[in-house]
file target31.txt (compact mmCIF, C-alpha atoms)
# COMPACT_ATOMS: atom_id res chain seq x y z
CA MET A 884 11.04 -10.43 1.17
CA GLY A 885 8.44 -8.82 3.41
CA LEU A 886 5.11 -7.72 2.01
CA GLN A 887 3.18 -4.97 3.76
CA CYS A 888 -0.33 -3.79 2.86
CA GLY A 889 -1.82 -0.69 4.45
CA ILE A 890 -5.55 -0.74 5.21
CA VAL A 891 -7.00 2.73 4.60
CA GLY A 892 -10.45 4.28 4.40
CA LEU A 893 -12.71 6.85 5.97
CA PRO A 894 -13.65 6.40 9.64
CA ASN A 895 -16.35 3.81 10.40
CA VAL A 896 -16.18 1.89 7.12
CA GLY A 897 -15.10 -1.32 8.88
CA LYS A 898 -11.32 -1.01 8.65
CA SER A 899 -10.42 -1.94 12.20
CA THR A 900 -13.11 -4.62 12.40
CA LEU A 901 -11.70 -6.20 9.25
CA PHE A 902 -8.14 -5.82 10.50
CA ASN A 903 -8.99 -7.52 13.80
CA ALA A 904 -10.61 -10.38 11.97
CA LEU A 905 -7.64 -10.81 9.64
CA SER A 906 -4.85 -10.60 12.15
CA ASN A 907 -6.42 -11.16 15.58
CA ALA A 908 -4.33 -8.16 16.64
CA LYS A 909 -7.44 -6.72 18.31
CA ALA A 910 -7.12 -3.09 17.32
CA GLU A 911 -9.75 -1.10 19.20
CA ALA A 912 -12.94 -1.00 17.12
CA ALA A 913 -15.38 1.71 18.13
CA ASN A 914 -18.22 3.71 16.61
CA PHE A 915 -16.30 6.98 16.36
CA PRO A 916 -13.38 8.34 14.27
CA PHE A 917 -9.71 7.95 15.24
CA CYS A 918 -10.07 4.94 17.54
CA THR A 919 -6.87 3.75 15.86
CA ILE A 920 -4.22 6.43 16.41
CA GLU A 921 -1.01 4.45 15.92
CA PRO A 922 -0.86 2.06 12.97
CA ASN A 923 -1.47 -1.50 14.12
CA VAL A 924 0.52 -4.19 12.37
CA GLY A 925 -0.75 -7.74 12.05
CA VAL A 926 1.55 -10.46 10.71
CA ILE A 927 -0.56 -13.09 8.97
CA THR A 928 0.53 -16.42 7.53
CA VAL A 929 -0.25 -16.88 3.85
CA PRO A 930 -2.42 -19.99 3.32
CA ASP A 931 -0.93 -22.39 0.76
CA GLU A 932 -2.13 -25.97 0.36
CA ARG A 933 1.18 -26.89 -1.29
CA LEU A 934 2.89 -26.66 2.11
CA GLY A 935 0.63 -29.46 3.33
CA ILE A 936 1.61 -31.61 0.34
CA LEU A 937 5.31 -31.09 1.03
CA GLU A 938 4.85 -31.72 4.75
CA LYS A 939 3.37 -35.17 4.03
CA LEU A 940 6.19 -35.99 1.61
CA VAL A 941 9.10 -34.79 3.75
CA ASN A 942 7.81 -35.08 7.34
CA PRO A 943 9.91 -32.10 8.51
CA GLN A 944 10.49 -30.91 12.07
CA LYS A 945 8.65 -27.68 11.27
CA VAL A 946 6.70 -25.95 8.51
CA LEU A 947 7.17 -22.23 7.92
CA PRO A 948 4.67 -20.44 5.66
CA THR A 949 5.46 -17.06 4.18
CA VAL A 950 3.77 -14.06 5.81
CA ILE A 951 2.09 -10.81 4.85
CA GLU A 952 1.73 -7.75 7.07
CA PHE A 953 -1.50 -5.77 7.24
CA VAL A 954 -1.18 -2.30 8.71
CA ASP A 955 -4.35 -0.70 10.06
CA ILE A 956 -3.91 3.02 9.36
CA ALA A 957 -6.25 5.38 11.16
CA GLY A 958 -9.21 6.80 9.23
CA LEU A 959 -8.57 9.68 6.88
CA VAL A 960 -10.92 12.66 6.58
CA LYS A 961 -11.27 15.64 4.28
CA GLY A 962 -8.34 17.98 4.86
CA ALA A 963 -5.91 15.20 5.83
CA SER A 964 -3.38 16.54 3.31
CA LYS A 965 -3.39 19.78 5.31
CA GLY A 966 -3.10 18.02 8.64
CA GLU A 967 -6.79 17.66 9.50
CA GLY A 968 -7.59 14.71 11.77
CA LEU A 969 -3.90 13.96 12.36
CA GLY A 970 -3.68 13.61 8.57
CA ASN A 971 0.06 14.23 8.19
CA LYS A 972 0.91 11.34 10.49
CA PHE A 973 -1.51 8.97 8.78
CA LEU A 974 -0.30 9.89 5.30
CA ALA A 975 3.29 9.26 6.39
CA ASN A 976 2.28 5.76 7.49
CA ILE A 977 0.88 5.06 4.00
CA ARG A 978 4.23 5.92 2.40
CA GLU A 979 5.84 2.90 4.05
CA VAL A 980 3.57 0.16 2.66
CA ASP A 981 3.92 -1.82 -0.59
CA ALA A 982 0.24 -1.75 -1.50
CA ILE A 983 -2.97 -0.13 -0.29
CA VAL A 984 -6.11 -2.00 0.71
CA HIS A 985 -8.79 0.68 0.43
CA VAL A 986 -11.82 -0.37 2.49
CA THR A 987 -15.08 1.15 1.29
CA ARG A 988 -18.41 0.96 3.06
CA CYS A 989 -20.89 -0.93 0.89
CA PHE A 990 -23.41 -1.82 3.59
CA ASN A 991 -26.35 -0.06 5.21
CA ASP A 992 -26.53 0.04 9.02
CA ASP A 993 -28.28 2.85 10.89
CA ASN A 994 -26.41 1.88 14.06
CA ILE A 995 -23.02 2.75 12.55
CA VAL A 996 -22.70 6.45 11.80
CA HIS A 997 -20.90 7.45 8.59
CA VAL A 998 -18.54 10.38 9.10
CA ASP A 999 -20.35 12.31 6.32
CA GLY A 1000 -23.85 11.02 7.13
CA ARG A 1001 -24.36 9.03 3.90
CA ILE A 1002 -23.51 5.68 2.27
CA ASP A 1003 -21.68 6.34 -1.00
CA PRO A 1004 -18.51 4.28 -1.60
CA VAL A 1005 -17.63 6.23 -4.75
CA ALA A 1006 -17.71 9.54 -2.88
CA ASP A 1007 -15.69 7.94 -0.06
CA LYS A 1008 -13.09 6.79 -2.58
CA GLU A 1009 -12.90 10.27 -4.06
CA VAL A 1010 -12.30 11.82 -0.63
CA ILE A 1011 -9.35 9.52 0.00
CA ASP A 1012 -8.03 9.95 -3.56
CA THR A 1013 -8.19 13.74 -3.30
CA GLU A 1014 -6.24 13.84 -0.04
CA LEU A 1015 -3.55 11.52 -1.38
CA GLN A 1016 -3.35 13.45 -4.67
CA LEU A 1017 -2.98 16.78 -2.84
CA LYS A 1018 -0.14 15.37 -0.77
CA ASP A 1019 1.55 14.04 -3.92
CA LEU A 1020 1.15 17.42 -5.61
CA GLU A 1021 2.88 19.02 -2.66
CA SER A 1022 5.83 16.62 -3.09
CA ILE A 1023 5.94 17.14 -6.87
CA ASP A 1024 5.85 20.95 -6.57
CA LYS A 1025 8.74 20.99 -4.12
CA LYS A 1026 10.90 18.89 -6.43
CA ILE A 1027 9.94 20.97 -9.47
CA GLN A 1028 11.10 24.11 -7.66
CA ARG A 1029 14.37 22.46 -6.75
CA ILE A 1030 15.06 20.91 -10.17
CA SER A 1031 14.04 24.08 -12.08
CA LYS A 1032 16.89 26.02 -10.52
CA MET A 1033 19.39 23.26 -11.26
CA ALA A 1034 18.11 22.75 -14.83
CA LYS A 1035 19.07 26.34 -15.75
CA THR A 1036 22.59 25.03 -16.26
CA GLY A 1037 21.29 23.30 -19.39
CA ASP A 1038 21.77 19.75 -18.11
CA PRO A 1039 19.64 17.60 -20.50
CA LYS A 1040 19.09 14.92 -17.85
CA LEU A 1041 17.59 17.44 -15.42
CA LYS A 1042 15.40 18.86 -18.17
CA ALA A 1043 14.07 15.35 -18.88
CA VAL A 1044 13.28 14.88 -15.17
CA LEU A 1045 11.47 18.22 -15.15
CA ILE A 1046 9.29 17.14 -18.10
CA ILE A 1047 8.29 13.97 -16.23
CA LEU A 1048 7.53 15.91 -13.04
CA GLU A 1049 5.31 18.32 -14.98
CA GLU A 1050 3.58 15.31 -16.54
CA TYR A 1051 2.71 13.96 -13.10
CA LYS A 1052 1.64 17.40 -11.88
CA THR A 1053 -0.83 17.79 -14.77
CA LEU A 1054 -2.21 14.31 -14.12
CA LEU A 1055 -2.72 14.89 -10.39
CA GLU A 1056 -4.30 18.32 -10.96
CA SER A 1057 -6.84 16.64 -13.25
CA GLY A 1058 -7.95 14.44 -10.33
CA LYS A 1059 -6.21 11.25 -11.46
CA ASN A 1060 -3.81 9.07 -9.51
CA ALA A 1061 -0.12 8.76 -10.35
CA ARG A 1062 -0.58 5.01 -10.96
CA SER A 1063 -2.61 5.94 -14.06
CA LEU A 1064 0.69 6.52 -15.89
CA GLU A 1065 2.76 3.52 -16.95
CA LEU A 1066 5.77 3.41 -14.62
CA THR A 1067 8.67 3.35 -17.08
CA ASP A 1068 12.28 3.22 -15.88
CA GLU A 1069 12.66 6.94 -16.63
CA ARG A 1070 9.56 7.87 -14.62
CA LYS A 1071 10.54 5.57 -11.78
CA GLU A 1072 13.93 7.27 -11.54
CA ALA A 1073 12.40 10.75 -11.70
CA VAL A 1074 9.84 10.28 -8.89
CA GLY A 1075 11.22 7.28 -6.97
CA ASP A 1076 12.61 9.41 -4.15
CA LEU A 1077 9.20 11.06 -3.59
CA GLN A 1078 7.41 7.87 -2.48
CA LEU A 1079 4.21 9.08 -4.12
CA LEU A 1080 1.08 7.86 -2.35
CA THR A 1081 -1.11 7.50 -5.44
CA ILE A 1082 1.52 5.55 -7.36
CA LYS A 1083 1.10 2.59 -5.00
CA PRO A 1084 -0.99 -0.33 -6.27
CA VAL A 1085 -4.45 -0.54 -4.69
CA ILE A 1086 -7.07 -3.17 -3.89
CA TYR A 1087 -10.58 -1.95 -3.12
CA ALA A 1088 -12.13 -4.03 -0.35
CA ALA A 1089 -15.90 -3.59 -0.65
CA ASN A 1090 -17.20 -4.24 2.86
CA VAL A 1091 -20.70 -5.67 2.42
CA GLU A 1092 -23.37 -7.07 4.74
CA GLU A 1093 -23.52 -10.85 5.15
CA GLY A 1094 -26.44 -11.27 2.74
CA ALA A 1095 -24.57 -9.57 -0.12
CA ILE A 1096 -21.29 -11.48 0.07
CA LEU A 1097 -22.06 -13.60 -3.00
CA THR A 1098 -24.11 -11.28 -5.18
CA GLY A 1099 -22.91 -7.85 -4.13
CA ASN A 1100 -25.26 -4.85 -4.14
CA GLU A 1101 -25.81 -1.48 -5.80
CA HIS A 1102 -22.94 0.05 -3.78
CA VAL A 1103 -20.48 -2.58 -5.06
CA ASP A 1104 -21.71 -2.10 -8.63
CA ALA A 1105 -21.16 1.64 -8.37
CA LEU A 1106 -17.66 1.17 -6.97
CA LYS A 1107 -16.67 -1.28 -9.73
CA ALA A 1108 -17.89 1.15 -12.37
CA ALA A 1109 -15.93 4.01 -10.78
CA VAL A 1110 -12.60 2.11 -10.78
CA ALA A 1111 -13.04 0.31 -14.11
CA ASP A 1112 -10.21 2.29 -15.76
CA GLU A 1113 -7.77 1.79 -12.87
CA ASN A 1114 -5.22 -0.97 -12.51
CA ALA A 1115 -7.01 -2.19 -9.39
CA GLN A 1116 -9.13 -5.05 -8.13
CA VAL A 1117 -12.40 -4.91 -6.21
CA VAL A 1118 -12.67 -7.69 -3.64
CA MET A 1119 -15.93 -8.20 -1.79
CA VAL A 1120 -15.48 -8.96 1.91
CA SER A 1121 -17.77 -8.97 4.90
CA ALA A 1122 -16.03 -7.82 8.06
CA ALA A 1123 -18.89 -9.38 10.02
CA ILE A 1124 -18.29 -12.81 8.46
CA GLU A 1125 -14.50 -12.50 8.78
CA SER A 1126 -14.92 -11.76 12.49
CA GLN A 1127 -16.77 -15.05 12.91
CA ILE A 1128 -14.26 -16.99 10.79
CA ALA A 1129 -11.44 -15.75 13.03
CA GLU A 1130 -13.01 -17.61 15.96
CA PHE A 1131 -12.56 -21.02 14.31
CA GLU A 1132 -9.37 -22.96 14.99
CA ASP A 1133 -10.46 -26.23 13.38
CA PRO A 1134 -10.03 -26.05 9.55
CA GLU A 1135 -12.98 -28.40 8.99
CA GLU A 1136 -15.29 -26.26 11.11
CA LYS A 1137 -14.11 -23.18 9.24
CA GLU A 1138 -14.80 -24.88 5.92
CA MET A 1139 -18.31 -25.88 7.07
CA PHE A 1140 -18.99 -22.32 8.20
CA LEU A 1141 -17.88 -20.91 4.83
CA GLY A 1142 -20.07 -23.48 3.11
CA GLU A 1143 -23.13 -22.14 4.93
CA TYR A 1144 -22.61 -18.86 3.08
CA GLY A 1145 -21.80 -20.58 -0.21
CA LEU A 1146 -18.13 -19.55 0.06
CA THR A 1147 -15.06 -21.61 -0.78
CA GLU A 1148 -12.54 -19.21 0.73
CA SER A 1149 -12.41 -16.38 3.25
CA GLY A 1150 -12.07 -12.69 2.49
CA LEU A 1151 -8.53 -12.89 3.87
CA ASP A 1152 -7.57 -15.49 1.26
CA LYS A 1153 -9.09 -13.34 -1.49
CA LEU A 1154 -7.22 -10.24 -0.31
CA ILE A 1155 -3.90 -12.07 -0.11
CA ARG A 1156 -4.32 -13.57 -3.57
CA ALA A 1157 -5.25 -10.15 -4.95
CA ALA A 1158 -2.19 -8.59 -3.31
CA TYR A 1159 0.13 -11.23 -4.79
CA ASN A 1160 -1.36 -10.73 -8.26
CA LEU A 1161 -1.20 -6.96 -7.97
CA LEU A 1162 2.44 -6.95 -6.91
CA ASP A 1163 3.53 -9.76 -9.30
CA LEU A 1164 4.61 -12.02 -6.45
CA ILE A 1165 5.10 -15.78 -6.51
CA THR A 1166 6.10 -18.45 -4.00
CA TYR A 1167 8.85 -21.05 -4.13
CA PHE A 1168 9.67 -23.68 -1.52
CA THR A 1169 12.61 -25.28 0.22
CA ALA A 1170 12.01 -28.73 1.67
CA GLY A 1171 14.18 -30.76 4.02
CA VAL A 1172 13.88 -32.81 7.21
CA THR A 1173 14.65 -29.72 9.30
CA GLU A 1174 11.96 -27.54 7.73
CA VAL A 1175 9.61 -27.03 4.82
CA ARG A 1176 9.41 -23.33 4.04
CA ALA A 1177 7.67 -20.96 1.63
CA TRP A 1178 9.51 -17.94 0.21
CA THR A 1179 7.98 -14.92 -1.53
CA ILE A 1180 9.76 -13.39 -4.54
CA LYS A 1181 8.96 -11.21 -7.53
CA LYS A 1182 7.74 -12.92 -10.70
CA GLY A 1183 10.58 -13.05 -13.20
CA TRP A 1184 13.40 -13.32 -10.67
CA LYS A 1185 16.26 -15.59 -11.58
CA ALA A 1186 17.64 -18.35 -9.36
CA PRO A 1187 20.45 -16.30 -7.72
CA GLN A 1188 17.99 -13.53 -6.74
CA ALA A 1189 15.63 -16.11 -5.27
CA ALA A 1190 18.48 -17.66 -3.33
CA GLY A 1191 19.37 -14.22 -1.95
CA VAL A 1192 16.02 -14.07 -0.14
CA ILE A 1193 17.26 -16.89 2.08
CA HIS A 1194 20.70 -15.32 2.64
CA THR A 1195 22.79 -12.80 0.72
CA ASP A 1196 25.68 -15.32 0.66
CA PHE A 1197 23.48 -17.69 -1.35
CA GLU A 1198 23.21 -15.10 -4.10
CA LYS A 1199 26.86 -14.01 -4.00
CA GLY A 1200 28.23 -17.54 -4.17
CA PHE A 1201 25.48 -19.11 -6.28
CA ILE A 1202 26.62 -22.18 -8.24
CA LYS A 1203 23.43 -23.98 -9.25
CA ALA A 1204 19.90 -24.82 -8.17
CA GLU A 1205 18.25 -28.23 -8.00
CA VAL A 1206 14.60 -27.81 -8.97
CA LEU A 1207 11.63 -30.12 -8.44
CA LYS A 1208 8.03 -29.63 -9.53
CA ILE A 1209 5.47 -30.49 -6.85
CA PRO A 1210 3.30 -32.66 -9.14
CA ASP A 1211 6.36 -34.81 -9.95
CA TYR A 1212 7.40 -34.91 -6.30
CA GLN A 1213 3.88 -35.92 -5.29
CA ALA A 1214 3.57 -38.58 -8.00
CA LEU A 1215 6.96 -40.20 -7.37
CA GLY A 1216 6.97 -39.83 -3.58
CA SER A 1217 10.56 -38.84 -2.86
CA GLU A 1218 13.44 -36.67 -4.03
CA GLN A 1219 15.51 -39.75 -4.80
CA ALA A 1220 12.75 -41.18 -6.98
CA CYS A 1221 12.58 -37.87 -8.85
CA LYS A 1222 16.33 -37.99 -9.47
CA GLU A 1223 16.12 -41.52 -10.81
CA ALA A 1224 13.23 -40.58 -13.08
CA GLY A 1225 15.06 -37.54 -14.42
CA LYS A 1226 12.58 -35.14 -12.83
CA LEU A 1227 15.14 -33.19 -10.80
CA ALA A 1228 16.49 -30.37 -12.97
CA ILE A 1229 19.88 -28.72 -12.49
CA GLU A 1230 19.52 -25.02 -13.29
CA GLY A 1231 22.09 -22.23 -13.59
CA LYS A 1232 22.16 -18.46 -13.05
CA GLU A 1233 19.75 -17.67 -15.90
CA TYR A 1234 16.93 -19.90 -14.68
CA VAL A 1235 13.71 -17.95 -14.07
CA VAL A 1236 12.01 -19.31 -10.96
CA LYS A 1237 8.44 -20.55 -11.41
CA ASP A 1238 5.62 -20.35 -8.89
CA GLY A 1239 5.59 -23.57 -6.84
CA ASP A 1240 9.19 -24.63 -7.58
CA VAL A 1241 10.86 -26.71 -4.87
CA MET A 1242 14.49 -25.60 -4.81
CA HIS A 1243 17.79 -26.57 -3.25
CA PHE A 1244 20.70 -24.18 -3.79
CA ARG A 1245 24.37 -24.97 -4.14
CA PHE A 1246 26.70 -22.08 -3.36
CA ASN A 1247 30.29 -21.27 -2.42
CA VAL A 1248 31.51 -18.25 -0.46
call {"tool": "encode", "arguments": {"input": "target31.txt", "output": "structure tokens"}}
result
Amino acid sequence: MGLQCGIVGLPNVGKSTLFNALSNAKAEAANFPFCTIEPNVGVITVPDERLGILEKLVNPQKVLPTVIEFVDIAGLVKGASKGEGLGNKFLANIREVDAIVHVTRCFNDDNIVHVDGRIDPVADKEVIDTELQLKDLESIDKKIQRISKMAKTGDPKLKAVLIILEEYKTLLESGKNARSLELTDERKEAVGDLQLLTIKPVIYAANVEEGAILTGNEHVDALKAAVADENAQVVMVSAAIESQIAEFEDPEEKEMFLGEYGLTESGLDKLIRAAYNLLDLITYFTAGVTEVRAWTIKKGWKAPQAAGVIHTDFEKGFIKAEVLKIPDYQALGSEQACKEAGKLAIEGKEYVVKDGDVMHFRFNV
């Protein structure tokens, strides 16, 4: 399954610089708004040390990590919900992503002009939130008008949908995001067709100067306090540091560079991990002499669903799954040794796949 995160924020907060560093897609970075007009998409491999373990054990012809897409969406401004600054186009781009990475400016630099002439990540967040909320309200109002006419027939199901729509309308009018409400099955069905912008999960990427990457600063503290009641994570990144990391091809040199800043991982790794946690994603592996490969699925999926990510026929004709745990595989050295030691489990249709499982599917179509 593909995972796509949209990078949003006001102009000149470091979005495109961060995007370039993450994906090497080289979106134009310039000191003025709207230097990114079309959304740039960068496909990035997800780092996973378990692939290296399996590669040593299996010695495959190729290793295929799973990937995540980052979409650099042009900077929003006040009035975007009404079309200001090409707002309608940008907001449409946000509808298509699975999660939002909201980049906020948490650094001081007189050489980079803020679109509103001040450094205030909380105010920046509120500008973006307001524009997304206004667009969601527009979508909700249109559906309320449509459903209200239909509900006059007395259909109890339509009346229930109308109650949920009014619930979301009240929430948005109070300045809160749709994600603030627990997404029950009933609510999901009522608003699923609207692709609400503020219902999407969000990660706040606090873009700090190099010297604040470990400790943060007053801007980061203010942002964390402002989002404390949201189901969201704040991840500190330094676009400046990430730009330098992107230049390293040798893993050891990269590790040494990170060590100079007291870091054990890059901002990219932190963002990917946060995205996986936010979206309840896990990884399982297939391992053979042809290839070792990582696959992304939702936490809680059963074996047939996981098999379907490889090919729909695998799910339709699922018979069983052979499952190995990497620690066992690593300790015993081979699949055959795991079989002989009773460490290869045969699982059926009700097996819930665990993060890190090594799986081989049997199917018949």
call {"tool": "residues_around", "arguments": {"input": "target31.txt", "residues": "Gln1127 (chain A)", "least_positions_apart": "5", "cutoff": "12 Å", "atoms": "only C-alpha atoms", "output": "compact mmCIF listing (two decimals) with C-alpha atoms, in the frame of the given file"}}
result
# COMPACT_ATOMS: atom_id res chain seq x y z
CA THR A 900 -13.11 -4.62 12.40
CA LEU A 901 -11.70 -6.20 9.25
CA ASN A 903 -8.99 -7.52 13.80
CA ALA A 904 -10.61 -10.38 11.97
CA LEU A 905 -7.64 -10.81 9.64
CA ASN A 907 -6.42 -11.16 15.58
CA GLU A 1093 -23.52 -10.85 5.15
CA SER A 1121 -17.77 -8.97 4.90
CA ALA A 1122 -16.03 -7.82 8.06
CA GLU A 1132 -9.37 -22.96 14.99
CA GLU A 1136 -15.29 -26.26 11.11
CA LYS A 1137 -14.11 -23.18 9.24
CA PHE A 1140 -18.99 -22.32 8.20
CA LEU A 1141 -17.88 -20.91 4.83
CA SER A 1149 -12.41 -16.38 3.25
CA GLY A 1150 -12.07 -12.69 2.49
call {"tool": "residues_around", "arguments": {"input": "target31.txt", "residues": "Ala1228 (chain A)", "least_positions_apart": "4", "cutoff": "9 Å", "atoms": "all atoms listed in the file", "output": "list in words"}}
result
Ala1204, Glu1205, Val1206, Leu1207 and Lys1222 of chain A
call {"tool": "closest_residue", "arguments": {"input": "target31.txt", "among": "A:Ile983, A:Leu1048, A:Leu1151, A:Ile1082", "to": "Glu1125 (chain A)", "atoms": "all atoms listed in the file"}}
result
A:Leu1151
call {"tool": "residues_near_point", "arguments": {"input": "target31.txt", "point": "(-7.9, -0.2, -9.9)", "cutoff": "12 Å", "atoms": "all atoms listed in the file", "output": "PyMOL selection string"}}
result
chain A and resi 982-985+1008+1012+1059-1063+1081-1088+1106-1118+1157+1161
call {"tool": "residues_around", "arguments": {"input": "target31.txt", "residues": "Asp1211 (chain A)", "least_positions_apart": "6", "cutoff": "9 Å", "atoms": "all atoms listed in the file", "output": "PyMOL selection string"}}
result
chain A and resi 1221+1226-1227
call {"tool": "write_last_selection", "arguments": {"input": "target31.txt", "atoms": "C-alpha atoms", "output": "mmCIF file, keeping the file's coordinate frame"}}
result
data_model
loop_
_atom_site.group_PDB
_atom_site.id
_atom_site.type_symbol
_atom_site.label_atom_id
_atom_site.label_comp_id
_atom_site.auth_asym_id
_atom_site.auth_seq_id
_atom_site.Cartn_x
_atom_site.Cartn_y
_atom_site.Cartn_z
ATOM 1 C CA CYS A 1221 12.580 -37.870 -8.850
ATOM 2 C CA LYS A 1226 12.580 -35.140 -12.830
ATOM 3 C CA LEU A 1227 15.140 -33.190 -10.800
#
call {"tool": "residues_around", "arguments": {"input": "target31.txt", "residues": "Asp1163 (chain A)", "least_positions_apart": "6", "cutoff": "10 Å", "atoms": "all atoms listed in the file", "output": "list of chain:residue names"}}
result
A:Ala1157, A:Ile1180, A:Lys1181, A:Lys1182, A:Gly1183
call {"tool": "residues_around", "arguments": {"input": "target31.txt", "residues": "region 1185-1202 of chain A", "least_positions_apart": "3", "cutoff": "8 Å", "atoms": "only C-alpha atoms", "output": "PyMOL selection string"}}
result
chain A and resi 884+1178+1180+1230-1236+1244-1248
call {"tool": "closest_residue", "arguments": {"input": "target31.txt", "among": "A:Gly1142, A:Gly1225, A:Gly892, A:Gly1037", "to": "Val986 (chain A)", "atoms": "only C-alpha atoms"}}
result
A:Gly892
call {"tool": "atom_distance", "arguments": {"input": "target31.txt", "atom1": "CA of Ala1123 (chain A)", "atom2": "CA of Ile1011 (chain A)"}}
result
23.4 Å
